[in-house]
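Data from work_26.txt: compact mmCIF, C-alpha atoms and all ligand atoms
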# COMPACT_ATOMS: atom_id res chain seq x y z
CA MET A 1 8.79 46.76 74.05
CA ASN A 2 6.35 44.04 73.02
CA ARG A 3 3.14 45.88 72.12
CA ARG A 4 0.23 43.51 71.78
CA ASN A 5 -3.07 43.76 69.94
CA PHE A 6 -6.07 41.85 71.23
CA ILE A 7 -8.96 40.69 69.09
CA ARG A 8 -12.21 39.54 70.68
CA LEU A 9 -13.36 36.29 69.13
CA ALA A 10 -16.95 35.49 68.21
CA GLY A 11 -17.31 32.68 70.78
CA GLY A 12 -15.68 34.69 73.58
CA GLY A 13 -12.03 34.95 74.57
CA THR A 14 -9.29 36.87 72.83
CA ILE A 15 -6.27 36.23 70.68
CA ALA A 16 -3.17 38.31 71.06
CA ALA A 17 -0.61 39.30 68.51
CA ALA A 18 2.80 40.83 68.85
CA SER A 19 3.02 43.95 66.70
CA GLY A 20 5.14 42.09 64.14
CA SER A 21 2.22 39.82 63.30
CA THR A 22 0.16 42.33 61.43
CA LEU A 23 -2.11 42.18 58.47
CA VAL A 24 -0.45 44.10 55.69
CA GLY A 25 3.20 44.65 54.98
CA CYS A 26 5.89 44.60 52.31
CA GLY A 27 7.20 41.05 52.29
CA ALA A 28 7.08 38.28 54.83
CA VAL A 29 6.06 39.25 58.34
CA GLY A 30 5.96 37.08 61.45
CA GLY A 31 6.07 33.32 61.88
CA HIS A 32 8.07 30.83 59.91
CA TYR A 33 7.15 29.76 56.44
CA PRO A 34 6.72 26.31 54.94
CA ALA A 35 10.18 24.86 54.18
CA GLU A 36 9.45 24.43 50.48
CA ALA A 37 8.51 28.12 50.12
CA VAL A 38 11.90 29.21 51.47
CA GLU A 39 14.05 26.49 49.88
CA ALA A 40 15.87 29.12 47.76
CA TRP A 41 17.77 30.08 50.91
CA ASN A 42 19.51 26.69 50.93
CA GLY A 43 21.31 27.76 47.75
CA PRO A 44 21.36 25.83 44.47
CA VAL A 45 21.12 22.30 45.87
CA GLY A 46 21.69 19.71 43.15
CA GLU A 47 22.23 22.30 40.36
CA THR A 48 25.42 21.73 38.37
CA ASP A 49 24.99 24.22 35.50
CA VAL A 50 26.96 27.43 36.14
CA ARG A 51 24.25 29.80 34.90
CA ARG A 52 21.42 28.04 36.75
CA ARG A 53 23.49 28.03 39.92
CA ALA A 54 24.09 31.78 39.58
CA VAL A 55 20.39 32.49 38.96
CA ALA A 56 19.50 30.39 42.02
CA TYR A 57 21.46 32.89 44.16
CA ALA A 58 20.17 35.93 42.25
CA ILE A 59 16.49 35.15 42.97
CA THR A 60 17.14 35.83 46.66
CA ALA A 61 17.58 39.52 45.73
CA PRO A 62 15.54 42.10 47.64
CA ASN A 63 12.69 43.38 45.49
CA PRO A 64 9.56 45.47 46.00
CA HIS A 65 6.68 43.55 47.60
CA ASN A 66 8.62 40.36 46.90
CA LEU A 67 7.04 40.17 43.44
CA GLN A 68 10.20 38.58 41.95
CA PRO A 69 9.56 40.17 38.52
CA TRP A 70 12.45 38.43 36.77
CA LEU A 71 12.36 36.44 33.52
CA VAL A 72 15.69 34.84 32.77
CA ASP A 73 16.41 33.61 29.24
CA LEU A 74 19.16 30.95 29.06
CA ARG A 75 18.53 29.86 25.47
CA GLU A 76 21.66 31.52 24.09
CA ARG A 77 24.92 29.80 24.98
CA ASP A 78 27.15 31.70 27.48
CA VAL A 79 24.58 34.50 27.73
CA ILE A 80 21.92 35.36 30.32
CA THR A 81 19.19 37.75 29.18
CA LEU A 82 17.10 39.43 31.89
CA ARG A 83 13.59 40.73 31.19
CA THR A 84 10.74 42.01 33.37
CA ASP A 85 7.73 39.84 34.00
CA ARG A 86 5.11 42.48 33.17
CA GLU A 87 2.49 40.70 35.25
CA ARG A 88 4.64 41.38 38.31
CA VAL A 89 4.72 45.17 38.62
CA LEU A 90 3.09 47.74 40.93
CA PRO A 91 1.15 50.24 38.78
CA HIS A 92 -0.27 52.23 41.72
CA THR A 93 2.70 52.58 44.09
CA ASP A 94 5.41 52.40 41.41
CA PRO A 95 3.83 53.97 38.30
CA GLN A 96 7.18 54.48 36.54
CA GLY A 97 8.57 51.04 37.37
CA ARG A 98 11.48 52.72 39.18
CA GLN A 99 11.36 50.38 42.19
CA ILE A 100 10.93 47.33 39.98
CA LEU A 101 14.15 48.28 38.17
CA ILE A 102 15.96 48.73 41.49
CA GLY A 103 14.95 45.12 42.19
CA HIS A 104 16.43 44.15 38.81
CA GLY A 105 19.67 45.87 39.76
CA ALA A 106 19.84 43.86 42.99
CA PHE A 107 19.24 40.68 41.00
CA LEU A 108 22.02 41.58 38.53
CA GLU A 109 24.50 42.28 41.31
CA LEU A 110 23.89 38.91 42.97
CA LEU A 111 24.04 37.20 39.57
CA VAL A 112 27.45 38.75 38.81
CA MET A 113 28.71 37.85 42.28
CA ALA A 114 27.50 34.24 41.98
CA LEU A 115 29.14 33.87 38.57
CA ALA A 116 32.40 35.30 39.90
CA GLN A 117 32.24 32.87 42.80
CA GLN A 118 32.34 30.06 40.21
CA GLY A 119 35.30 31.60 38.37
CA VAL A 120 33.22 33.23 35.65
CA ALA A 121 33.43 36.92 34.73
CA SER A 122 30.52 38.75 33.14
CA ASP A 123 29.96 41.70 30.79
CA VAL A 124 26.70 43.38 31.74
CA LEU A 125 25.09 45.34 28.93
CA LEU A 126 22.06 47.30 30.07
CA TRP A 127 19.22 47.93 27.59
CA PRO A 128 20.64 46.01 24.60
CA GLN A 129 17.48 46.91 22.64
CA GLY A 130 16.94 50.36 24.16
CA GLU A 131 15.48 51.53 27.49
CA LEU A 132 12.01 50.72 28.71
CA PRO A 133 9.64 53.70 28.31
CA SER A 134 9.11 55.99 31.31
CA ALA A 135 5.48 54.94 31.88
CA LEU A 136 5.01 51.41 33.18
CA ALA A 137 1.87 51.02 31.07
CA ALA A 138 3.99 51.32 27.89
CA TRP A 139 6.53 48.65 28.83
CA ASP A 140 7.21 45.91 26.30
CA ASP A 141 9.40 42.78 26.17
CA ARG A 142 12.75 44.44 25.57
CA PRO A 143 15.46 43.12 27.91
CA VAL A 144 16.81 45.03 30.90
CA ALA A 145 20.23 43.41 30.51
CA ARG A 146 22.29 40.98 28.49
CA ILE A 147 25.04 39.31 30.49
CA THR A 148 27.83 37.65 28.53
CA LEU A 149 29.96 35.11 30.38
CA LYS A 150 33.72 34.94 29.93
CA PRO A 151 36.64 33.33 31.76
CA GLY A 152 37.83 35.02 34.93
CA GLY A 153 35.78 36.34 37.81
CA THR A 154 37.16 37.23 41.23
CA PRO A 155 35.16 36.00 44.24
CA ASP A 156 33.64 38.83 46.25
CA PRO A 157 33.94 38.77 50.07
CA LEU A 158 30.32 39.93 50.38
CA PHE A 159 29.13 36.75 48.66
CA ALA A 160 29.31 35.00 52.05
CA GLN A 161 26.35 37.14 53.17
CA VAL A 162 24.01 36.42 50.24
CA LEU A 163 22.02 33.58 51.82
CA LEU A 164 22.08 35.25 55.26
CA ARG A 165 20.59 38.58 54.08
CA ARG A 166 17.10 39.43 55.40
CA THR A 167 14.97 42.56 55.31
CA PRO A 168 13.79 43.09 58.93
CA LYS A 169 10.14 44.17 58.77
CA THR A 170 9.81 44.38 62.54
CA ASP A 171 10.18 46.98 65.26
CA PHE A 172 13.80 47.63 66.17
CA ASP A 173 15.19 47.50 69.70
CA THR A 174 14.95 51.10 70.97
CA SER A 175 17.38 50.35 73.80
CA ARG A 176 20.19 49.78 71.27
CA ALA A 177 21.46 52.85 69.47
CA VAL A 178 23.33 52.45 66.19
CA ALA A 179 26.85 53.75 66.77
CA PRO A 180 28.10 56.54 64.48
CA GLU A 181 31.17 54.38 63.80
CA LEU A 182 28.95 51.57 62.54
CA LEU A 183 27.09 53.97 60.26
CA ALA A 184 30.45 55.16 58.92
CA GLN A 185 31.45 51.55 58.24
CA LEU A 186 28.14 50.89 56.51
CA LEU A 187 28.46 53.95 54.30
CA GLY A 188 32.22 53.71 53.79
CA GLY A 189 32.17 49.99 53.06
CA ALA A 190 29.31 50.31 50.64
CA GLN A 191 30.91 53.29 48.91
CA ALA A 192 34.22 51.43 48.53
CA ASN A 193 32.39 48.32 47.38
CA ALA A 194 30.67 50.38 44.71
CA GLN A 195 33.98 51.31 43.12
CA VAL A 196 34.01 48.09 41.16
CA GLY A 197 33.28 47.45 37.52
CA ALA A 198 30.69 49.39 35.58
CA GLN A 199 29.04 50.70 38.72
CA ALA A 200 31.90 53.05 39.43
CA SER A 201 30.63 55.23 36.60
CA ALA A 202 27.14 55.60 38.11
CA PRO A 203 26.85 59.04 39.77
CA LEU A 204 25.15 57.79 42.95
CA ASN A 205 25.73 58.89 46.54
CA MET A 206 25.14 57.08 49.78
CA GLY A 207 24.32 58.96 52.96
CA GLY A 208 22.77 58.45 56.35
CA THR A 209 22.35 59.63 59.91
CA VAL A 210 22.07 58.29 63.45
CA HIS A 211 22.10 61.77 64.95
CA PRO A 212 19.38 62.05 67.64
CA ASP A 213 18.48 65.58 66.47
CA GLN A 214 17.74 64.37 62.94
CA LEU A 215 15.76 61.23 63.70
CA PRO A 216 12.39 62.70 64.82
CA ALA A 217 11.68 64.49 61.51
CA LEU A 218 12.65 61.42 59.48
CA ARG A 219 10.55 59.11 61.66
CA THR A 220 7.59 61.44 61.28
CA LEU A 221 8.08 61.45 57.52
CA CYS A 222 7.96 57.63 57.49
CA TRP A 223 4.78 57.51 59.51
CA GLU A 224 2.99 60.34 57.69
CA SER A 225 3.84 58.90 54.27
CA ALA A 226 2.82 55.38 55.34
CA LYS A 227 -0.58 56.74 56.34
CA VAL A 228 -1.04 58.11 52.81
CA GLU A 229 -0.30 54.71 51.26
CA LEU A 230 -2.61 52.93 53.73
CA LEU A 231 -5.47 55.42 53.41
CA THR A 232 -5.41 55.74 49.61
CA PRO A 233 -7.75 52.92 48.54
CA ARG A 234 -5.98 51.92 45.31
CA THR A 235 -2.50 51.78 46.87
CA MET A 236 -3.76 49.90 49.92
CA MET A 237 -5.58 47.42 47.66
CA GLU A 238 -2.36 46.81 45.72
CA SER A 239 -0.82 45.42 48.94
CA ILE A 240 -3.95 43.53 49.95
CA HIS A 241 -4.09 41.71 46.60
CA LEU A 242 -0.51 40.56 47.19
CA THR A 243 -1.11 39.30 50.72
CA ARG A 244 -0.78 35.54 51.28
CA VAL A 245 -2.20 34.21 54.55
CA GLY A 246 -1.26 30.84 56.04
CA PRO A 247 0.82 27.92 54.75
CA GLY A 248 -1.58 27.01 51.93
CA GLU A 249 -1.54 30.42 50.24
CA ILE A 250 2.15 30.97 50.95
CA LEU A 251 3.04 27.66 49.31
CA GLN A 252 0.70 28.28 46.40
CA HIS A 253 2.19 31.71 45.55
CA ARG A 254 5.64 31.88 47.20
CA ASP A 255 5.70 35.65 46.59
CA GLY A 256 4.11 38.86 47.86
CA ILE A 257 3.40 39.64 51.49
CA SER A 258 3.44 36.33 53.39
CA LEU A 259 1.65 36.29 56.75
CA ASN A 260 1.79 33.12 58.82
CA SER A 261 1.34 34.02 62.47
CA PRO A 262 -1.45 32.30 64.43
CA PHE A 263 -3.07 35.72 64.92
CA VAL A 264 -3.37 36.55 61.25
CA ARG A 265 -4.45 33.05 60.33
CA ALA A 266 -7.17 33.18 62.99
CA VAL A 267 -8.38 36.59 61.82
CA SER A 268 -8.49 35.34 58.24
CA ALA A 269 -10.22 32.08 59.19
CA LEU A 270 -12.86 34.07 61.05
CA GLY A 271 -13.57 36.08 57.91
CA MET A 272 -12.31 39.26 59.58
CA PHE A 273 -9.73 39.97 56.87
CA ASP A 274 -11.77 41.06 53.89
CA ARG A 275 -9.53 41.23 50.84
CA SER A 276 -12.11 42.78 48.56
CA ALA A 277 -11.97 46.28 50.07
CA PRO A 278 -9.60 48.48 52.11
CA PRO A 279 -9.99 47.74 55.84
CA ALA A 280 -12.64 49.87 57.50
CA GLU A 281 -11.39 52.52 59.90
CA GLY A 282 -11.29 51.05 63.40
CA SER A 283 -11.33 47.41 62.22
CA ALA A 284 -8.73 44.90 63.45
CA ALA A 285 -7.05 44.88 60.05
CA TYR A 286 -6.93 48.68 59.93
CA LYS A 287 -5.46 49.02 63.43
CA SER A 288 -3.03 46.24 62.76
CA ALA A 289 -1.65 47.74 59.53
CA MET A 290 -1.47 51.20 61.07
CA GLY A 291 0.22 49.87 64.21
CA ARG A 292 2.85 48.12 62.20
CA PHE A 293 3.92 51.16 60.20
CA GLU A 294 3.75 53.36 63.27
CA GLY A 295 6.02 50.90 65.13
CA HIS A 296 8.50 50.69 62.28
CA SER A 297 8.69 54.47 62.02
CA ARG A 298 8.97 55.08 65.76
CA THR A 299 11.73 52.48 66.26
CA ALA A 300 13.98 53.66 63.43
CA MET A 301 17.38 54.09 65.12
CA GLY A 302 18.95 55.70 62.08
CA PHE A 303 18.49 56.10 58.35
CA VAL A 304 20.52 55.45 55.20
CA TRP A 305 19.75 56.56 51.68
CA ILE A 306 20.96 56.38 48.10
CA THR A 307 20.60 59.46 45.92
CA GLY A 308 21.50 60.36 42.35
CA PRO A 309 19.95 61.11 38.99
CA ASN A 310 16.96 59.12 37.87
CA THR A 311 17.64 57.62 34.45
CA ARG A 312 16.82 53.97 33.82
CA ASN A 313 20.55 53.18 34.22
CA ASP A 314 20.66 54.99 37.56
CA GLN A 315 17.69 52.98 38.81
CA VAL A 316 19.37 49.66 37.95
CA HIS A 317 22.69 50.82 39.44
CA THR A 318 20.87 51.90 42.60
CA GLY A 319 19.67 48.32 43.01
CA ARG A 320 23.23 47.03 42.60
CA ARG A 321 24.49 49.42 45.26
CA TYR A 322 21.52 48.82 47.53
CA VAL A 323 21.97 45.06 47.75
CA ARG A 324 25.69 45.48 48.38
CA GLN A 325 24.90 47.86 51.22
CA GLN A 326 22.36 45.43 52.69
CA LEU A 327 24.93 42.62 52.46
CA GLN A 328 27.39 44.90 54.25
CA ALA A 329 24.73 45.56 56.93
CA THR A 330 24.29 41.77 57.26
CA ALA A 331 28.04 41.40 57.82
CA LEU A 332 27.94 44.18 60.42
CA GLY A 333 24.94 42.62 62.20
CA VAL A 334 22.62 45.61 61.80
CA GLY A 335 19.15 45.57 60.23
CA MET A 336 18.37 47.68 57.16
CA HIS A 337 14.75 48.08 56.06
CA PRO A 338 13.48 50.25 53.18
CA MET A 339 10.67 52.66 53.97
CA SER A 340 9.75 53.57 50.42
CA GLN A 341 6.40 55.26 50.89
CA ALA A 342 7.64 58.87 50.66
CA LEU A 343 9.54 58.01 47.46
CA GLN A 344 6.47 56.80 45.59
CA GLU A 345 5.42 58.84 42.59
CA PHE A 346 1.63 58.88 42.93
CA ALA A 347 -0.28 62.16 43.23
CA GLU A 348 -1.45 61.85 46.85
CA MET A 349 2.16 61.29 48.00
CA ALA A 350 3.50 64.52 46.42
CA PRO A 351 3.88 66.52 49.70
CA HIS A 352 5.93 63.71 51.28
CA TYR A 353 7.96 63.24 48.09
CA GLU A 354 8.83 66.92 48.34
CA ARG A 355 9.61 66.61 52.07
CA VAL A 356 11.94 63.62 51.73
CA HIS A 357 13.97 65.53 49.15
CA GLN A 358 14.12 68.58 51.40
CA LEU A 359 15.19 66.53 54.45
CA VAL A 360 17.74 64.32 52.69
CA LEU A 361 19.09 66.58 49.94
CA GLY A 362 18.06 70.06 51.13
CA ARG A 363 16.46 70.78 47.77
CA PRO A 364 13.10 70.45 46.02
CA ALA A 365 11.81 67.21 44.55
CA PRO A 366 13.28 66.44 41.11
CA ARG A 367 11.64 67.88 38.02
CA SER A 368 13.61 65.81 35.50
CA ALA A 369 15.65 62.59 35.30
CA SER A 370 18.89 64.55 35.68
CA ASP A 371 17.85 66.17 38.99
CA PRO A 372 19.11 64.61 42.26
CA THR A 373 16.56 62.04 43.38
CA VAL A 374 16.24 60.00 46.57
CA GLN A 375 16.25 56.45 45.17
CA MET A 376 16.32 54.40 48.39
CA PHE A 377 15.42 55.43 51.92
CA CYS A 378 15.87 52.87 54.71
CA ARG A 379 15.67 52.76 58.48
CA ILE A 380 18.39 50.95 60.39
CA GLY A 381 18.50 49.35 63.83
CA TYR A 382 18.73 46.05 65.67
CA PRO A 383 15.88 43.55 65.23
CA GLN A 384 14.58 42.07 68.50
CA GLY A 385 14.51 38.47 67.31
CA GLU A 386 15.27 36.23 64.41
CA VAL A 387 14.21 37.65 61.03
CA PRO A 388 12.69 34.96 58.80
CA ALA A 389 13.75 34.41 55.20
CA THR A 390 11.00 35.32 52.72
CA PRO A 391 9.56 32.89 50.15
CA ARG A 392 10.82 32.61 46.60
CA ARG A 393 9.09 30.96 43.64
CA PRO A 394 10.70 27.84 42.16
CA LEU A 395 13.67 28.65 39.95
CA ALA A 396 12.09 26.92 36.96
CA LYS A 397 9.20 29.44 36.95
CA MET A 398 11.59 32.26 36.11
CA LEU A 399 13.70 30.47 33.51
CA LEU A 400 13.37 30.22 29.75
CA THR A 401 15.53 27.29 28.64
C1 LIG B 501 13.09 49.13 45.60
C2 LIG B 501 12.66 48.44 46.87
C3 LIG B 501 11.74 49.04 47.71
C4 LIG B 501 11.33 48.42 48.89
N1 LIG B 501 10.44 49.06 49.72
C5 LIG B 501 10.03 48.45 50.87
C6 LIG B 501 9.11 49.09 51.74
O1 LIG B 501 8.68 50.22 51.50
N2 LIG B 501 8.73 48.43 52.86
C7 LIG B 501 9.19 47.17 53.16
O2 LIG B 501 8.79 46.59 54.17
N3 LIG B 501 10.08 46.55 52.35
C8 LIG B 501 10.49 47.16 51.22
N4 LIG B 501 11.41 46.54 50.42
C9 LIG B 501 11.95 45.23 50.81
C10 LIG B 501 11.16 44.10 50.20
O3 LIG B 501 9.86 44.04 50.75
C11 LIG B 501 11.90 42.79 50.42
O4 LIG B 501 13.13 42.85 49.74
C12 LIG B 501 11.12 41.59 49.93
O5 LIG B 501 9.94 41.42 50.69
C13 LIG B 501 11.93 40.31 50.02
O6 LIG B 501 12.38 40.13 51.34
P1 LIG B 501 13.93 39.93 51.66
O7 LIG B 501 14.62 41.19 51.27
O8 LIG B 501 14.00 39.66 53.13
O9 LIG B 501 14.40 38.76 50.84
C14 LIG B 501 11.85 47.15 49.23
C15 LIG B 501 12.80 46.55 48.39
C16 LIG B 501 13.21 47.18 47.23
C17 LIG B 501 14.24 46.53 46.35
Now, as a test, write the supplied structure out as structure tokens.
Ligand SMILES: Cc1cc2nc3c(=O)[nH]c(=O)nc-3n(C[C@H](O)[C@H](O)[C@H](O)COP(=O)(O)O)c2cc1C
Amino acid sequence: MNRRNFIRLAGGGTIAAASGSTLVGCGAVGGHYPAEAVEAWNGPVGETDVRRRAVAYAITAPNPHNLQPWLVDLRERDVITLRTDRERVLPHTDPQGRQILIGHGAFLELLVMALAQQGVASDVLLWPQGELPSALAAWDDRPVARITLKPGGTPDPLFAQVLLRRTPKTDFDTSRAVAPELLAQLLGGAQANAQVGAQASAPLNMGGTVHPDQLPALRTLCWESAKVELLTPRTMMESIHLTRVGPGEILQHRDGISLNSPFVRAVSALGMFDRSAPPAEGSAAYKSAMGRFEGHSRTAMGFVWITGPNTRNDQVHTGRRYVRQQLQATALGVGMHPMSQALQEFAEMAPHYERVHQLVLGRPAPRSASDPTVQMFCRIGYPQGEVPATPRRPLAKMLLT
């Protein structure tokens, strides 16, 4: 179904927007982006250095709000040291930096795969100078990982999917169910894929459902939790500050939530998208953001999740598993889209945090890092059209050489 929003223009007439072309989201939504902003998806063109080539693949990793919070130090020979760019975190929706570290895990996994593809094996040492503190506000410059290169490295079949992977932030086709067999392949393949290297020791579990009886409660959870994020001024503003509208802003930033549809550009040009305050109830921006989350929730044709304890190591390992699962989904031709709102650890979200743990794990929300925690929660289904690749900043901006 192609739901359309209409906006009455000042001089008369209307503009229409498909529901994918909305005002606030979690990455790139609608339209195609300037070629330079998405050049990362061509792979490491013209790069000959093994480490730089590997990093060029790793920066395509999925990451919260497409902040790309990676600082990569190449100054030591045969070593890659990964740190967090502390300007690129989400204090309101991710106060413990848990999601940011999942994004680091995804980066590490692609880095290891891209090294292996070039015949280079890697030893990944997490927290070589100790773990980052539990509160984001106390984070310092200590590295997340030190990767030492050595001869070897076996190419990974999933590597073929790296540059094809997309996160579909659009309504799914409700006329196409996801077959239980496909879910089994997605979970089985990802579980088997996880039995490699250091990850095998991480006590994480992958689960999911496409059962029609289970979907309504999970869809409702997505929608109810999204409303909390959208209606809590400080969490809504966190997204608004990261929103880039039109080719100029997208090219300038090459990160965040990129919006490039004619509808959004027109709304912005008309001054109807005020980025200094949360959208007023009933405004075009408000209805648009609400409609988008409602559509995503309603069209979820299944769900997958990753659960396990919640130490800093578990968070990084979750990211490694998550990107492998999304690469597996890419190979299987099914869309996989995180709906992270219910997992966010801010006070107003607490009832939904409790509910997601009850629905997925049948137990209360965790009280400590050793308690089972829902780390990733994603809807699955078939996108109705092509899903665009999201921008990435130039490689050089993330490198210390
Ligand atoms: C830990 C984590 C949480 C995420 N949560 C959401 C989410 O709640 N909603 C969403 O639209 N995308 C979410 N994403 C996906 C990112 O927005 C997406 O990876 C990013 O915009 C880059 O797009 P790409 O994956 O297509 O390259 C999440 C990704 C990660 C790693």
Just want the 8 Å neighbourhood of Arg75 of chain A, counted on all atoms listed in the file, with same-chain residues fewer than 3 positions away dropped. Output as a ChimeraX atom specification.
/A:79,400-401
Residues of chain A that approach ligand LIG 501 (chain B) to 7 Å or less, counting only C-alpha atoms and all ligand atoms: could you list each one with the shortest pair of atoms and its distance in Å to one decimal, rows by chain and increasing residue number, as a Markdown table?
| residue | atom | partner | partner_atom | distance |
| --- | --- | --- | --- | --- |
| A:Gly25 | CA | B:LIG501 | O2 | 6.0 |
| A:Cys26 | CA | B:LIG501 | O2 | 4.0 |
| A:Gly27 | CA | B:LIG501 | O5 | 3.2 |
| A:Ala28 | CA | B:LIG501 | O5 | 5.9 |
| A:Thr60 | CA | B:LIG501 | O9 | 5.8 |
| A:Ala61 | CA | B:LIG501 | O9 | 6.1 |
| A:Pro62 | CA | B:LIG501 | O4 | 3.3 |
| A:Asn63 | CA | B:LIG501 | C17 | 3.6 |
| A:Pro64 | CA | B:LIG501 | C15 | 4.2 |
| A:His65 | CA | B:LIG501 | O3 | 4.5 |
| A:Asn66 | CA | B:LIG501 | C12 | 4.1 |
| A:Gln99 | CA | B:LIG501 | C1 | 4.0 |
| A:Ile100 | CA | B:LIG501 | C1 | 6.3 |
| A:Ile102 | CA | B:LIG501 | C1 | 5.0 |
| A:Gly103 | CA | B:LIG501 | C17 | 4.4 |
| A:Arg165 | CA | B:LIG501 | O8 | 6.7 |
| A:Arg166 | CA | B:LIG501 | O8 | 3.8 |
| A:Thr167 | CA | B:LIG501 | O8 | 3.8 |
| A:Pro168 | CA | B:LIG501 | O8 | 6.7 |
| A:Lys169 | CA | B:LIG501 | O2 | 5.4 |
| A:Gly256 | CA | B:LIG501 | O5 | 7.0 |
| A:Ile257 | CA | B:LIG501 | O5 | 6.8 |
| A:Gly319 | CA | B:LIG501 | C17 | 6.6 |
| A:His337 | CA | B:LIG501 | N3 | 6.2 |
| A:Pro338 | CA | B:LIG501 | C5 | 4.5 |
| A:Met339 | CA | B:LIG501 | O1 | 4.0 |
| A:Ser340 | CA | B:LIG501 | O1 | 3.7 |
| A:Gln341 | CA | B:LIG501 | O1 | 5.6 |
| A:Met376 | CA | B:LIG501 | C1 | 6.8 |
| A:Ala389 | CA | B:LIG501 | O8 | 5.6 |
| A:Thr390 | CA | B:LIG501 | O9 | 5.2 |
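Going from atom CA of His32 of chain A over to atom CA of Ile240 of chain A, you cover 20.1 Å.
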Quick one: pull the distance between atom CA of Asn42 of chain A and atom CA of Thr81 of chain A, Å, one decimal.
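Atom CA of Thr81 of chain A lies 24.4 Å from atom CA of Asn42 of chain A.
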Using all atoms listed in the file, which of the listed residues (A:Arg142, A:Lys150, A:Lys397, A:Arg234) sits closest to Pro91 of chain A?
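Looking only at the distances to Pro91 of chain A, the closest residue turns out to be A:Arg234.
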Considering all atoms listed in the file, can you say which of A:Gly335, A:Asp141, A:Ala160, A:Ala217 comes closest to Arg355 of chain A?
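Between A:Gly335, A:Asp141, A:Ala160, A:Ala217, the residue approaching Arg355 of chain A most closely is A:Ala217.
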Can you put N, CA and C atoms back into segment 171-184 of chain A and show it as a PDB file, in the frame of the given file?
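This is the output file result.pdb:
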ATOM      1  N   ASP A 171       9.697  45.868  64.443  1.00  0.00           N
ATOM      2  CA  ASP A 171      10.180  46.980  65.260  1.00  0.00           C
ATOM      3  C   ASP A 171      11.635  46.722  65.653  1.00  0.00           C
ATOM      4  N   PHE A 172      12.423  47.780  65.686  1.00  0.00           N
ATOM      5  CA  PHE A 172      13.800  47.630  66.170  1.00  0.00           C
ATOM      6  C   PHE A 172      13.853  47.843  67.683  1.00  0.00           C
ATOM      7  N   ASP A 173      14.956  47.386  68.261  1.00  0.00           N
ATOM      8  CA  ASP A 173      15.190  47.500  69.700  1.00  0.00           C
ATOM      9  C   ASP A 173      15.567  48.958  70.005  1.00  0.00           C
ATOM     10  N   THR A 174      14.678  49.666  70.711  1.00  0.00           N
ATOM     11  CA  THR A 174      14.950  51.100  70.970  1.00  0.00           C
ATOM     12  C   THR A 174      15.979  51.295  72.087  1.00  0.00           C
ATOM     13  N   SER A 175      16.348  50.179  72.768  1.00  0.00           N
ATOM     14  CA  SER A 175      17.380  50.350  73.800  1.00  0.00           C
ATOM     15  C   SER A 175      18.788  50.218  73.210  1.00  0.00           C
ATOM     16  N   ARG A 176      18.863  49.917  71.909  1.00  0.00           N
ATOM     17  CA  ARG A 176      20.190  49.780  71.270  1.00  0.00           C
ATOM     18  C   ARG A 176      20.364  50.832  70.183  1.00  0.00           C
ATOM     19  N   ALA A 177      21.174  51.824  70.483  1.00  0.00           N
ATOM     20  CA  ALA A 177      21.460  52.850  69.470  1.00  0.00           C
ATOM     21  C   ALA A 177      22.386  52.252  68.406  1.00  0.00           C
ATOM     22  N   VAL A 178      22.348  52.819  67.222  1.00  0.00           N
ATOM     23  CA  VAL A 178      23.330  52.450  66.190  1.00  0.00           C
ATOM     24  C   VAL A 178      24.493  53.430  66.314  1.00  0.00           C
ATOM     25  N   ALA A 179      25.690  52.889  66.536  1.00  0.00           N
ATOM     26  CA  ALA A 179      26.850  53.750  66.770  1.00  0.00           C
ATOM     27  C   ALA A 179      27.236  54.506  65.499  1.00  0.00           C
ATOM     28  N   PRO A 180      27.654  55.782  65.648  1.00  0.00           N
ATOM     29  CA  PRO A 180      28.100  56.540  64.480  1.00  0.00           C
ATOM     30  C   PRO A 180      29.213  55.818  63.715  1.00  0.00           C
ATOM     31  N   GLU A 181      30.069  55.095  64.454  1.00  0.00           N
ATOM     32  CA  GLU A 181      31.170  54.380  63.800  1.00  0.00           C
ATOM     33  C   GLU A 181      30.626  53.268  62.892  1.00  0.00           C
ATOM     34  N   LEU A 182      29.531  52.637  63.364  1.00  0.00           N
ATOM     35  CA  LEU A 182      28.950  51.570  62.540  1.00  0.00           C
ATOM     36  C   LEU A 182      28.330  52.165  61.283  1.00  0.00           C
ATOM     37  N   LEU A 183      27.649  53.310  61.444  1.00  0.00           N
ATOM     38  CA  LEU A 183      27.090  53.970  60.260  1.00  0.00           C
ATOM     39  C   LEU A 183      28.206  54.303  59.271  1.00  0.00           C
ATOM     40  N   ALA A 184      29.317  54.810  59.796  1.00  0.00           N
ATOM     41  CA  ALA A 184      30.450  55.160  58.920  1.00  0.00           C
ATOM     42  C   ALA A 184      30.956  53.926  58.180  1.00  0.00           C
TER      43      ALA A 184
END
